[in-house]
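Taking it in order: structure first as C-alpha cells, then the write-up.
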There are 2 protein chains.
Amino acid sequence: MKNISRRQFLTYVGAVGGSSALLKTSLAMGLVNEDPYSGPVKVTPATGKKKPTVLILGSGIAGLSTAFELEKAGYECTILEASFRAGGRNLTVRNGDKIDEMGNPQICQFDKQENLFFNCGPARIPGHHRRLLHYCKALNVPLQVKANSSKMAYFQDDQFLGGKPKRIIEYHTDARGLMSELLWKSADSSTFDQMLGKEDVEKLMSFSKAFGDLTENGKYIGSERAGSTTDRMLEFPTPHAPLELKAMLDSRFWYGGLLGAELYDWCEPLMEPLGGMDAVVKGFLRNLKKQPTLNAQVKKIYNRDNGVEVTYEKGGKFHTVQADYCFNNIPAYFMAGIENNFTTKYQTALNSIKRGHLFKIAYQMKERFWEKDGIYGGISYSADPISQIWYPSHDINAQKGVLLGAYTWDPKISAMFEALSPAERLKVGAISGEKIHPGYSKNIENGISIPWGRMNHQMGCGMRMSEEDFEKYFHFLQKPEGRHFMIGDQISHHSGWQEGALASSEQALQQLNKLLSASVDQGSKIHVS
Amino acid sequence: MKNISRRQFLTYVGAVGGSSALLKTSLAMGLVNEDPYSGPVKVTPATGKKKPTVLILGSGIAGLSTAFELEKAGYECTILEASFRAGGRNLTVRNGDKIDEMGNPQICQFDKQENLFFNCGPARIPGHHRRLLHYCKALNVPLQVKANSSKMAYFQDDQFLGGKPKRIIEYHTDARGLMSELLWKSADSSTFDQMLGKEDVEKLMSFSKAFGDLTENGKYIGSERAGSTTDRMLEFPTPHAPLELKAMLDSRFWYGGLLGAELYDWCEPLMEPLGGMDAVVKGFLRNLKKQPTLNAQVKKIYNRDNGVEVTYEKGGKFHTVQADYCFNNIPAYFMAGIENNFTTKYQTALNSIKRGHLFKIAYQMKERFWEKDGIYGGISYSADPISQIWYPSHDINAQKGVLLGAYTWDPKISAMFEALSPAERLKVGAISGEKIHPGYSKNIENGISIPWGRMNHQMGCGMRMSEEDFEKYFHFLQKPEGRHFMIGDQISHHSGWQEGALASSEQALQQLNKLLSASVDQGSKIHVS
C-alpha cells in the first residue's frame with residue numbers, strides 16, 4: 001500500500017460515502033466466519049421412566065467431559081477414580097500437595113502463595129484447540145496468554161560455542177541470515193535460472209535479503225533484529241558478531257529450539273488458565289451433579305447383556321456396580337491387570353497401547369532472576385538431560401517464581417531420572433540450569449520432580465503404539481465393545497493433550513448416539529433399563 | 001542428548017553425590033547474570049538551605065520520570081502540561097474520554113467496562129526495555145503478557161490469492177518450506193561444494209529439511225506445522241495445499257507480516273500493563289509529590305544567568321516562573337512558536353526535528369468473533385490502508401472487545417485518513433476489516449480514530465530527522481543549553497517508544513550531574529539559588 005494514490009484511496013472513501021455500495025456488497029457477499037467446531041456432541045437425551053445409568057472409569061479430562069455431557073442429556077453418571085484426587089494428568093500442585101510417585105511420595109514445599117504453583121501435566125492451550133477452549137468458556141475458566149516461546153531465552157550446549165549460552169533471538173536471526181545468504185548466492189550464481197524467470201530470480205534475491213536482513217550485496221553480517229551490543233536507545237545499534245555457518249550447522253538446536261514456535265500445537269499465542277491448569281478440572285467438578293468417587297480402584301469390568309458390571313475396591317472393600325453404559329478412561333496398559341470378559345481382539349488392542357515416559361522438575365526460586373535478564377516466559381533449550389527450562393509468564397515482577405527445571409519425553413533419559421531419588425534429580429537439574437543462568441542453584445529454595453512413568457494410577461503418560469498396531473487397532477478401539485467405550489487421549493491422534501482427551505470423549509459419545517439410534521431402529525429401547 | 005549413555009548420565013549424578021564437586025565448581029565459576037541495566041541515574045542530591053527548583057515542560061513519560069528522579073534527590077519540581085491531562089502520547093481511552101483532535105474532538109463511546117479500553121499511543125513492552133520495566137516494578141504497575149504476533153491471524157491483499165485471507169501460519173510455514181526446498185536443491189546440485197566440505201553440504205541439506213519440513217528427497221509438499229484440513233485429533237493430519245513459489249514471491253508480506261515477530265522491539269513475549277498502558281502514567285503520578293499543572297501552555301522560555309524563566313498561559317492569564325533548571329519535553333517542532341533566547345544553532349537543531357504521522361482506529365466489537373476463529377491476540381496484516389488489525393489478548397472470552405482496526409505510520413496514508421471525518425474513517429476501516437473477517441462491520445458498535453498528526457498539543461508523533469540533520473544535531477541536542485535540557489523520545493534513537501523517552505531523561509540527568517560536578521569543581525554552588 002506504499003504507493004497508493006490519493007485517487008485510489010478515495011475509491012475507498014467514495015465507496016462508503018452516499019450509498020455505501022461497496023460496504024453493502026461486502027456485507028452481502030460475506031458470511032460470518034464460521035467456527036469449524038460446532039460444539040460438543042448433543043447426546044440423545046434420556047427417555048423413559050428411569051434415568052439411564054453410566055459408569056465412568058477415571059476422572060481425567062475425558063472422563064469429566066463425558067460425565068458433563070451425559071448429565072446434560074439426563075443420564076445418571078458415577079465416576080470411579082482410583083486416586084485420592086480427580087483430574088488425572090491435569091495436575092497442578094501447590095504448597096502441601098502430594099506428588100503421588102510410587103515409593104517416593106513427595107510433598108510440595110512451595111510457599112503458600114497463589115502464584116507459586118506448577119502444572120505437572122498439561123500446561124498450555126493453543127488457539128485451535130477448540131474443544132478445550134469451548135469448555136473453558138462454558139465452565140467460566142478464566143484464561144490468560146502464556147508465553148511459550150521467548151526470543152530472549154537461551155540455547156545451551158556444552159559442545160556449542162564452548163558451552164556459552166546463546167540467546168535464541170541471536171541464533172534464530174543468524175540462522176535466517178546464513179540461510180538467506182546461501183539462497184541469495186545460489187540465485188545470483190544462476191542456480192535457479194532454468195526453473196525461474198529473470199524477474200522471479202530477482203524477487204527471490206529481494207526476498208532473501210528481507211528474510212535474512214542481508215546487505216545490498218547479499219551478505220549476512222549480523223542484524224539489529226537480534227539487538228545491539230551498544231545502548232540502542234541512545235546510539236546506533238551495533239549487531240552482535242554472527243555465528244559461523246559451520247558452527248550453526250554443527251549445533252543441535254535445529255529441531256526443538258529453532259522450530260519451537262513453528263509447531264502447530266505451539267502456535268503463538270498459547271494460553272493457560274489463571275492460577276493453574278487444574279482450573280479446568282475444578283470447572284468440570286463445579287458443574288457436575290455428582291462428584292467422583294475417589295480412592296475407588298477398578299478390579300473387574302464385565303460386559304453384560306444389558307449393561308456393564310464393574311467391581312472396584314475402596315477402603316479395603318469390594319463393591320460391584322451395574323450400569324447401562326461404561327466409559328473407560330483407565331490407561332489401557334493397566335487393562336491387562338483388570339479382570340474382564342472382553343474379546344481377545346479387544347484385549348489385544350488394549351495391550352498394544354504402551355506408555356510414554358515424561359519427566360519434569362519444578363523449582364521454587366527465591367528471586368525471579370530471569371526477569372532481570374529480560375526473560376518473561378518461554379523456554380530455554382539445553383542439550384543436557386533437562387532439555388528445557390520454562391519461565392512463568394504469569395505474575396510478572398512477583399518476588400518468587402516456580403520454574404520448570406527439566407522436561408524430557410525421551411524415555412531413556414526419563415528412565416535415568418526415574419531411577420534417582422527426588423533429591424538427586426533436583427541436584428542434577430541444578431547443574432544444567434547453572435550453565436544457562438550462573439547463580440541458578442543458589443536461587444533454588446525447594447523443588448519437586450514428576451516422573452509420570454512412576455506416578456501412582458498413571459505409570460506413564462501419553463499413548464505409544466507401533467505404526468503397525470496403530471493401523472490395526474486405533475479405529476477398532478474407537479468403537480465400543482458391547483456397552484463399554486474406551487476414552488482418553490489414548491484413543492486419539494493427539495495423546496498428551498487435553499484436546500485429544502476431549503476429542504476421544506466426543507467420538508465415544510457419537511458412538512453412543514449411533515448405538516442408541518440403532519437400538520431405536522430395532523425397536524428396542526436399549527438405554528431404558 | 002538423544003544418545004546419552006547411562007554412564008554419561010551418571011557423571012552428572014556422580015558429580016552431585018558426595019562432595020558435589022561439579023556443582024561447587026559451577027557455582028564458584030559462575031556469577032549471577034548481571035542486569036546490563038543498572039537502574040535509573042542517581043541524581044546528585046540537593047544540598048544547601050533551599051531546595052533547587054526545576055521546571056519540567058510536558059508530562060509525557062520523559063517529563064514524569066525526570067520529575068520522579070529529581071524529587072527523589074530532593075529537587076522541587078513543577079510540571080507544566082499544556083493538555084487537560086497528563087501522559088502525553090501514553091493515552092488510554094475508555095468510556096467518556098475525550099480524544100482531543102484539533103477541530104474534531106471525539107468522545108469515546110465504549111461501554112463502561114474495565115476491559116473496554118484502547119491504548120492510542122504505546123501499547124507494548126518488550127522484555128529488553130529495561131528502563132520501562134524497572135519503572136513498572138518500582139511503581140507497582142502490574143504487567144501481563146501481550147500477544148503481539150498470532151500465527152492464527154491473517155494476511156490479506158486484494159492482489160494475492162484473489163483477495164482471500166491467508167492464515168499467517170500457513171504463509172510462514174510455506175515460505176520456510178519453499179525457501180528450504182530451494183536451498184536443498186542448491187546444496188544437492190553442488191552449488192556450495194567449493195565453499196563447504198561434503199559433510200557440511202550434507203548437514204546443510206538436513207538443516208533445510210528440518211527448517212522447511214521437507215520430504216526425504218527435499219520437496220516441500222505442505223506441512224502439518226500449519227495445521228490440517230482434517231480433524232487432527234482423530235485422524236492423520238492432511239496439510240493444506242502449499243503456496244506456489246511464484247505466488248509467494250509476488251506477495252507483499254515479506255516485510256511487516258513475515259518479519260512481524262523477528263524485529264527486536266517485537267521480540268516475543270511482549271507485555272502490557274493490566275487495564276491499559278496509562279497505568280504507567282498513573283504509577284508515576286501516584287508517586288510524585290507535586291502533581292502536574294494542567295492546561296498550562298508554555299509561551300516563552302528564557303535561559304537566565306542562574307536558571308530558566310518560563311512564561312505560560314493558563315485560563316487566559318500569563319504566568320512567569322523561574323527555576324534553577326528546566327527539562328523540556330515539548331515536541332521540538334513546536335519550539336519555533338515559543339519565544340526564547342536560544343542560540344541560533346540550538347533553535348536550528350530543534351527545527352530539524354520533524355513530526356511523524358501515525359494513525360489508529362479502534363472499534364468496540366459486540367462480539368469477540370476472532371476468538372471463535374482461533375485468534376487470541378496478535379496482528380492481521382492487510383495490504384489496504386488500514387495495514388494492521390490487532391486483537392486484544394487480555395480478557396479472553398469476555399463478550400465484547402476493542403479491536404485496533406487500523407494502524408499506519410506511512411505519512412501519506414495517515415494524511416489521507418486525517419483528511420476524513422471521524423465517521424468516514426471508521427467506514428473506510430470497516431471495509432478492509434470485512435475482507436479479513438466477513439461480518440466484521442455488523443459487529444462494530446462504535447469506534448474512535450486517533451490521527452496523531454492532528455492531536456492537540458502533539459500534532460505528530462515520533463521524531464523524524466534527515467540523516468544529515470541527525471548526524472549534525474542529535475548529540476548536540478543531548479546536551480543542555482545553559483540550564484535548559486531537551487528530553488523526550490525525540491532526543492533518543494528510539495522515537496515512538498517509551499523506552500526512548502526514559503533513555504532521554506536518563507541521559508539528561510547524567511548531563512545535569514556533569515553540570516553540577518563541573519560547578520562544584522569551579523567552586524560555584526550552581527544549584528543553590
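Following the order of the C-alpha cells, first chain is A, next is B, and so on, with residues numbered from 1 inside each chain and ligands from 1 in the order they appear.
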
Next on the checklist: What's around Cys77 in chain B at 8 Å? Count only C-alpha atoms, leave out sequence neighbours fewer than 2 positions away in its own chain, and write the answer as a VMD selection string.
Outcome noted: chain B and resid 53 to 56 67 70 to 71 75 79 290

Only C-alpha atoms, please: the residues just picked out, written as a compact mmCIF listing (two decimals), in the first residue's frame.
# COMPACT_ATOMS: atom_id res chain seq x y z
CA THR B 53 13.88 24.13 41.69
CA VAL B 54 13.11 22.54 38.37
CA LEU B 55 10.56 23.30 35.70
CA ILE B 56 9.51 20.34 33.61
CA ALA B 67 10.38 14.66 37.90
CA LEU B 70 14.66 14.66 40.70
CA GLU B 71 12.13 14.59 43.53
CA TYR B 75 14.63 18.80 43.97
CA ILE B 79 5.48 20.11 35.71
CA LYS B 290 3.61 17.51 43.27

Next on the checklist: For Gln498 in chain A, find every residue with an atom within 8 Å (counting only C-alpha atoms), except residues of its own chain fewer than 2 positions away, and show them as a list in words.
Outcome noted: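 Here the answer would be Ile61, Ala62, Pro122, Leu132, Asp489, Gly496, Gly500, Ala501 and Leu502 of chain A.
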
Could you give me, as a tab-separated table, every chain A residue with an atom at most 6 Å from chain B, plus its closest atom pair and distance in Å to one decimal, counting only C-alpha atoms, rows ordered by chain then number?
residue	atom	partner	partner_atom	distance
A:Met1	CA	B:Ala383	CA	5.5
A:Leu23	CA	B:Ile431	CA	5.9
A:Gly30	CA	B:Pro438	CA	4.6
A:Leu31	CA	B:Pro438	CA	5.4
A:Val32	CA	B:Gly439	CA	4.6
A:Asp35	CA	B:Lys372	CA	5.5
A:Gly127	CA	B:Gly374	CA	4.6
A:His128	CA	B:Gly374	CA	5.1
A:Ala147	CA	B:Pro269	CA	5.8
A:Ser150	CA	B:Glu268	CA	5.4
A:Lys151	CA	B:Glu268	CA	5.9
A:Leu183	CA	B:Leu183	CA	5.9
A:Arg225	CA	B:Tyr264	CA	4.7
A:Ala226	CA	B:Tyr264	CA	5.7
A:Gly227	CA	B:Tyr264	CA	5.8
A:Met233	CA	B:His493	CA	4.9
A:Leu234	CA	B:His493	CA	5.1
A:Leu263	CA	B:Arg225	CA	4.8
A:Tyr264	CA	B:Arg225	CA	4.7
A:Glu268	CA	B:Ser150	CA	5.4
A:Pro269	CA	B:Ser150	CA	5.7
A:Lys372	CA	B:Asp35	CA	5.5
A:Asp373	CA	B:Asp35	CA	5.7
A:Gly374	CA	B:Gly127	CA	4.6
A:Ala383	CA	B:Met1	CA	5.6
A:Ile431	CA	B:Leu23	CA	5.8
A:Pro438	CA	B:Gly30	CA	4.6
A:Gly439	CA	B:Val32	CA	4.6
A:Ser492	CA	B:Leu234	CA	5.3
A:His493	CA	B:Met233	CA	4.9
A:His494	CA	B:Met233	CA	5.3
A:Gly500	CA	B:Met233	CA	5.5

Emit the selected residues as a short mmCIF file (atom, residue, chain, number, x, y, z; two decimals), in the first residue's frame, including N, CA, C and O atoms.
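Wrote it out as part_20.cif, contents follow:
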data_model
loop_
_atom_site.label_atom_id
_atom_site.label_comp_id
_atom_site.auth_asym_id
_atom_site.auth_seq_id
_atom_site.Cartn_x
_atom_site.Cartn_y
_atom_site.Cartn_z
N MET A 1 0.84 -1.21 0.00
CA MET A 1 0.00 0.00 0.00
C MET A 1 0.87 1.26 0.00
O MET A 1 0.37 2.38 -0.04
N LEU A 23 -19.56 -1.19 0.73
CA LEU A 23 -19.77 -1.76 2.05
C LEU A 23 -20.91 -2.77 2.01
O LEU A 23 -20.81 -3.88 2.52
N GLY A 30 -20.30 -11.46 2.27
CA GLY A 30 -19.63 -12.19 3.35
C GLY A 30 -20.59 -12.89 4.27
O GLY A 30 -21.66 -12.40 4.58
N LEU A 31 -20.17 -14.03 4.72
CA LEU A 31 -20.85 -14.68 5.83
C LEU A 31 -19.93 -14.52 7.02
O LEU A 31 -18.72 -14.35 6.87
N VAL A 32 -20.49 -14.57 8.19
CA VAL A 32 -19.63 -14.54 9.36
C VAL A 32 -18.74 -15.78 9.32
O VAL A 32 -19.19 -16.86 8.96
N ASP A 35 -17.14 -20.89 13.00
CA ASP A 35 -16.26 -21.69 13.84
C ASP A 35 -16.33 -23.13 13.30
O ASP A 35 -17.41 -23.71 13.22
N GLY A 127 -4.70 -21.78 20.38
CA GLY A 127 -5.97 -21.19 19.97
C GLY A 127 -6.84 -22.08 19.10
O GLY A 127 -8.02 -21.81 18.92
N HIS A 128 -6.23 -23.14 18.55
CA HIS A 128 -7.02 -24.01 17.69
C HIS A 128 -7.51 -25.26 18.42
O HIS A 128 -8.09 -26.14 17.80
N ALA A 147 3.24 -17.18 27.57
CA ALA A 147 4.38 -17.08 26.65
C ALA A 147 5.05 -18.44 26.59
O ALA A 147 5.61 -18.91 27.58
N SER A 150 10.19 -17.62 24.03
CA SER A 150 10.79 -16.33 24.33
C SER A 150 12.07 -16.23 23.54
O SER A 150 12.95 -17.08 23.65
N LYS A 151 12.16 -15.20 22.76
CA LYS A 151 13.37 -14.98 21.97
C LYS A 151 14.53 -14.55 22.86
O LYS A 151 15.67 -14.59 22.44
N LEU A 183 21.01 -18.71 -0.07
CA LEU A 183 19.97 -18.68 -1.10
C LEU A 183 20.24 -17.55 -2.09
O LEU A 183 20.11 -17.72 -3.31
N ARG A 225 18.09 -7.01 14.27
CA ARG A 225 16.89 -7.73 14.70
C ARG A 225 17.17 -8.55 15.96
O ARG A 225 16.26 -8.93 16.67
N ALA A 226 18.45 -8.83 16.19
CA ALA A 226 18.82 -9.60 17.38
C ALA A 226 19.34 -8.69 18.48
O ALA A 226 19.92 -9.15 19.45
N GLY A 227 19.13 -7.40 18.33
CA GLY A 227 19.58 -6.48 19.37
C GLY A 227 20.89 -5.82 19.02
O GLY A 227 21.32 -5.82 17.87
N MET A 233 19.07 2.71 22.57
CA MET A 233 18.16 3.83 22.81
C MET A 233 18.88 5.16 22.54
O MET A 233 18.25 6.15 22.22
N LEU A 234 20.18 5.13 22.70
CA LEU A 234 20.91 6.39 22.61
C LEU A 234 22.00 6.38 21.54
O LEU A 234 22.62 7.40 21.28
N LEU A 263 5.78 -25.26 15.48
CA LEU A 263 4.91 -26.43 15.50
C LEU A 263 3.47 -26.00 15.78
O LEU A 263 3.24 -25.05 16.52
N TYR A 264 2.54 -26.69 15.17
CA TYR A 264 1.15 -26.22 15.22
C TYR A 264 0.62 -26.15 16.65
O TYR A 264 -0.10 -25.22 17.01
N GLU A 268 1.80 -19.64 18.52
CA GLU A 268 1.56 -18.48 19.39
C GLU A 268 0.30 -17.73 18.94
O GLU A 268 0.05 -17.65 17.76
N PRO A 269 -0.43 -17.13 19.87
CA PRO A 269 -0.20 -17.20 21.31
C PRO A 269 -0.86 -18.42 21.91
O PRO A 269 -1.94 -18.83 21.52
N LYS A 372 15.22 -10.17 35.37
CA LYS A 372 16.31 -9.19 35.31
C LYS A 372 17.12 -9.35 34.03
O LYS A 372 17.82 -8.45 33.60
N ASP A 373 17.04 -10.55 33.48
CA ASP A 373 17.80 -10.86 32.27
C ASP A 373 16.92 -10.70 31.01
O ASP A 373 17.29 -11.12 29.93
N GLY A 374 15.74 -10.11 31.19
CA GLY A 374 14.88 -9.82 30.04
C GLY A 374 13.95 -10.95 29.64
O GLY A 374 13.31 -10.89 28.60
N ALA A 383 21.07 -28.85 25.83
CA ALA A 383 21.43 -30.16 25.28
C ALA A 383 21.67 -31.17 26.40
O ALA A 383 21.91 -32.34 26.15
N ILE A 431 22.57 -28.40 38.16
CA ILE A 431 23.84 -28.28 37.45
C ILE A 431 23.63 -27.77 36.04
O ILE A 431 24.34 -26.89 35.56
N PRO A 438 24.15 -18.56 35.51
CA PRO A 438 25.06 -18.65 36.65
C PRO A 438 24.38 -18.11 37.91
O PRO A 438 23.76 -17.04 37.85
N GLY A 439 24.46 -18.85 38.99
CA GLY A 439 23.80 -18.43 40.22
C GLY A 439 22.45 -19.12 40.41
O GLY A 439 21.81 -18.96 41.45
N SER A 492 -6.92 -41.16 20.82
CA SER A 492 -6.94 -40.01 19.91
C SER A 492 -5.63 -39.98 19.16
O SER A 492 -4.70 -40.71 19.50
N HIS A 493 -5.58 -39.13 18.17
CA HIS A 493 -4.33 -38.90 17.44
C HIS A 493 -3.47 -37.91 18.18
O HIS A 493 -2.43 -37.51 17.68
N HIS A 494 -3.94 -37.46 19.34
CA HIS A 494 -3.25 -36.37 19.99
C HIS A 494 -3.03 -36.63 21.45
O HIS A 494 -3.39 -35.83 22.32
N GLY A 500 -6.97 -33.90 22.85
CA GLY A 500 -7.10 -35.29 22.41
C GLY A 500 -8.08 -36.04 23.30
O GLY A 500 -8.91 -36.82 22.82
#

Checklist entry - So which residues touch Val43 in chain A within 12 Å, counting only C-alpha atoms, skipping near sequence neighbours fewer than 5 positions away, as a list in words? => result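 Selected residues are Thr66, Ala67, Phe68, Glu69, Leu70, Glu71, Lys72, Ala73, Gly74, Tyr75, Ser505, Glu506, Gln507, Ala508, Leu509, Gln510, Gln511, Leu512, Asn513, Lys514, Leu515, Leu516 and Ser517 of chain A.
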
Next on the checklist: Applying 12 Å and only C-alpha atoms, which residues near Gly307 in chain B remain after dropping the ones on its own chain fewer than 5 positions away? List them as a list in words.
Outcome noted: Pro52, Thr53, Val54, Leu55, Ile301, Tyr302, Val321, Gln322, Ala323, Asp324, Tyr325, Cys326, Phe327, Glu481, Gly482, Arg483, His484, Phe485, Ile526, His527, Val528 and Ser529 of chain B

Item to check | Backbone-only DSSP, strand (DSSP E) members of range 84-314 of chain B, as a VMD selection string | outcome: chain B and resid 92 to 93 98 to 99 106 to 107 118 to 119 125 to 126 143 to 146 154 to 156 166 to 167 270 to 273 297 to 304 307 to 314

Please, could you write that set of residues out with N, CA, C and O atoms as a short mmCIF file (atom, residue, chain, number, x, y, z; two decimals), in the first residue's frame?
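The result, written out as again-v9.cif:
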data_model
loop_
_atom_site.label_atom_id
_atom_site.label_comp_id
_atom_site.auth_asym_id
_atom_site.auth_seq_id
_atom_site.Cartn_x
_atom_site.Cartn_y
_atom_site.Cartn_z
N THR B 92 -4.59 6.17 27.14
CA THR B 92 -5.54 5.06 27.10
C THR B 92 -6.92 5.67 27.22
O THR B 92 -7.15 6.46 28.13
N VAL B 93 -7.81 5.33 26.30
CA VAL B 93 -9.16 5.91 26.40
C VAL B 93 -10.19 4.85 26.75
O VAL B 93 -10.06 3.68 26.38
N LYS B 98 -12.21 12.01 26.20
CA LYS B 98 -12.14 12.89 25.03
C LYS B 98 -10.88 12.59 24.23
O LYS B 98 -9.79 12.46 24.78
N ILE B 99 -11.07 12.43 22.93
CA ILE B 99 -9.93 12.34 22.02
C ILE B 99 -9.77 13.71 21.41
O ILE B 99 -10.60 14.18 20.63
N GLN B 106 -13.48 13.94 19.65
CA GLN B 106 -14.36 12.76 19.73
C GLN B 106 -14.51 12.38 21.19
O GLN B 106 -13.60 12.57 21.98
N ILE B 107 -15.64 11.84 21.51
CA ILE B 107 -15.84 11.29 22.86
C ILE B 107 -15.97 9.78 22.72
O ILE B 107 -16.76 9.28 21.92
N PHE B 118 -8.65 1.41 25.03
CA PHE B 118 -7.77 1.38 23.87
C PHE B 118 -6.52 2.21 24.14
O PHE B 118 -6.60 3.35 24.58
N ASN B 119 -5.38 1.59 23.89
CA ASN B 119 -4.11 2.30 24.01
C ASN B 119 -3.83 3.03 22.70
O ASN B 119 -3.46 2.41 21.72
N ILE B 125 5.38 -3.68 25.53
CA ILE B 125 6.68 -3.55 26.20
C ILE B 125 7.49 -4.82 25.96
O ILE B 125 7.12 -5.88 26.45
N PRO B 126 8.60 -4.73 25.22
CA PRO B 126 9.44 -5.93 25.08
C PRO B 126 10.30 -6.13 26.33
O PRO B 126 10.55 -5.18 27.08
N LEU B 143 1.89 -6.19 35.25
CA LEU B 143 2.08 -6.49 33.83
C LEU B 143 1.49 -7.85 33.48
O LEU B 143 1.42 -8.74 34.30
N GLN B 144 1.13 -7.98 32.23
CA GLN B 144 0.72 -9.29 31.71
C GLN B 144 1.33 -9.43 30.32
O GLN B 144 1.73 -8.44 29.71
N VAL B 145 1.37 -10.66 29.85
CA VAL B 145 1.88 -10.90 28.50
C VAL B 145 0.88 -10.35 27.50
O VAL B 145 -0.33 -10.50 27.68
N LYS B 146 1.38 -9.69 26.50
CA LYS B 146 0.53 -9.23 25.39
C LYS B 146 0.93 -10.01 24.14
O LYS B 146 2.08 -9.94 23.71
N TYR B 154 -4.28 -13.33 10.07
CA TYR B 154 -4.30 -13.41 8.61
C TYR B 154 -3.40 -12.39 7.90
O TYR B 154 -3.07 -11.35 8.45
N PHE B 155 -3.07 -12.76 6.67
CA PHE B 155 -2.59 -11.82 5.66
C PHE B 155 -3.74 -11.62 4.67
O PHE B 155 -4.38 -12.62 4.28
N GLN B 156 -3.96 -10.41 4.25
CA GLN B 156 -4.96 -10.20 3.19
C GLN B 156 -4.47 -9.11 2.24
O GLN B 156 -4.00 -8.06 2.65
N LYS B 166 -5.21 -15.28 4.13
CA LYS B 166 -4.40 -16.49 4.36
C LYS B 166 -3.92 -16.45 5.80
O LYS B 166 -3.39 -15.44 6.25
N ARG B 167 -4.08 -17.55 6.51
CA ARG B 167 -3.56 -17.60 7.88
C ARG B 167 -2.04 -17.38 7.85
O ARG B 167 -1.34 -17.97 7.02
N LEU B 270 5.94 -10.01 24.43
CA LEU B 270 5.78 -8.62 24.81
C LEU B 270 4.83 -8.54 25.99
O LEU B 270 4.16 -9.53 26.32
N MET B 271 4.80 -7.39 26.61
CA MET B 271 3.95 -7.23 27.79
C MET B 271 3.13 -5.96 27.69
O MET B 271 3.41 -5.09 26.88
N GLU B 272 2.12 -5.89 28.54
CA GLU B 272 1.31 -4.67 28.67
C GLU B 272 0.84 -4.58 30.11
O GLU B 272 0.68 -5.61 30.77
N PRO B 273 0.62 -3.37 30.61
CA PRO B 273 0.06 -3.26 31.95
C PRO B 273 -1.39 -3.75 31.93
O PRO B 273 -2.08 -3.56 30.93
N GLN B 297 -0.05 26.26 29.01
CA GLN B 297 0.63 26.24 27.72
C GLN B 297 1.83 27.18 27.75
O GLN B 297 1.69 28.39 27.97
N VAL B 298 2.99 26.62 27.49
CA VAL B 298 4.23 27.40 27.55
C VAL B 298 4.30 28.36 26.37
O VAL B 298 4.06 27.96 25.22
N LYS B 299 4.64 29.63 26.65
CA LYS B 299 4.71 30.66 25.62
C LYS B 299 6.13 31.18 25.43
O LYS B 299 6.49 31.63 24.34
N LYS B 300 6.90 31.21 26.50
CA LYS B 300 8.27 31.74 26.44
C LYS B 300 9.21 30.90 27.30
O LYS B 300 8.81 30.47 28.39
N ILE B 301 10.42 30.73 26.81
CA ILE B 301 11.45 30.07 27.62
C ILE B 301 12.72 30.91 27.51
O ILE B 301 13.24 31.10 26.41
N TYR B 302 13.20 31.40 28.62
CA TYR B 302 14.43 32.20 28.60
C TYR B 302 15.48 31.58 29.52
O TYR B 302 15.21 31.32 30.70
N ASN B 303 16.63 31.34 28.95
CA ASN B 303 17.77 30.98 29.79
C ASN B 303 18.24 32.25 30.47
O ASN B 303 18.47 33.29 29.82
N ARG B 304 18.34 32.23 31.79
CA ARG B 304 18.88 33.37 32.54
C ARG B 304 20.23 32.96 33.13
O ARG B 304 20.60 31.78 33.07
N GLY B 307 19.53 30.32 35.94
CA GLY B 307 18.34 29.49 35.86
C GLY B 307 17.58 29.72 34.58
O GLY B 307 18.13 30.22 33.59
N VAL B 308 16.34 29.31 34.61
CA VAL B 308 15.50 29.40 33.42
C VAL B 308 14.20 30.08 33.82
O VAL B 308 13.68 29.87 34.92
N GLU B 309 13.69 30.91 32.89
CA GLU B 309 12.43 31.60 33.15
C GLU B 309 11.41 31.17 32.10
O GLU B 309 11.69 31.20 30.91
N VAL B 310 10.26 30.76 32.55
CA VAL B 310 9.23 30.26 31.63
C VAL B 310 7.94 31.03 31.84
O VAL B 310 7.53 31.28 32.98
N THR B 311 7.33 31.43 30.73
CA THR B 311 6.02 32.07 30.82
C THR B 311 4.99 31.12 30.21
O THR B 311 5.23 30.56 29.13
N TYR B 312 3.93 30.89 30.93
CA TYR B 312 2.87 30.03 30.38
C TYR B 312 1.52 30.69 30.55
O TYR B 312 1.35 31.60 31.36
N GLU B 313 0.59 30.22 29.75
CA GLU B 313 -0.76 30.73 29.79
C GLU B 313 -1.66 29.65 30.37
O GLU B 313 -1.55 28.48 30.02
N LYS B 314 -2.48 30.09 31.31
CA LYS B 314 -3.44 29.15 31.90
C LYS B 314 -4.71 29.92 32.20
O LYS B 314 -4.65 30.97 32.86
#

Checklist entry - Quick one, how far is CA of Trp452 in chain A from CA of Ile379 in chain A? => result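 Computing it gives 20.7 Å between the two atoms.
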
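Remark: for Tyr473 in chain B, the closest of the candidate residues B:Phe359, B:Tyr346, B:Trp409, B:Tyr171 is B:Tyr346 (distances computed over only C-alpha atoms).
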
Item to check | Gap from CA of Phe110 in chain A to CA of Glu418 in chain A - Å, one decimal | outcome: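 So the two atoms, CA of Phe110 in chain A and CA of Glu418 in chain A, lie 21.6 Å apart.
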
Checklist entry - Just asking: which residues within range 270-519 of chain B are helix (DSSP H, G or I) according to DSSP, as a PyMOL selection string? => result chain B and resi 279-287+332-337+344-351+369-372+411-418+422-436+440-443+452-454+467-477+489-491+498-519
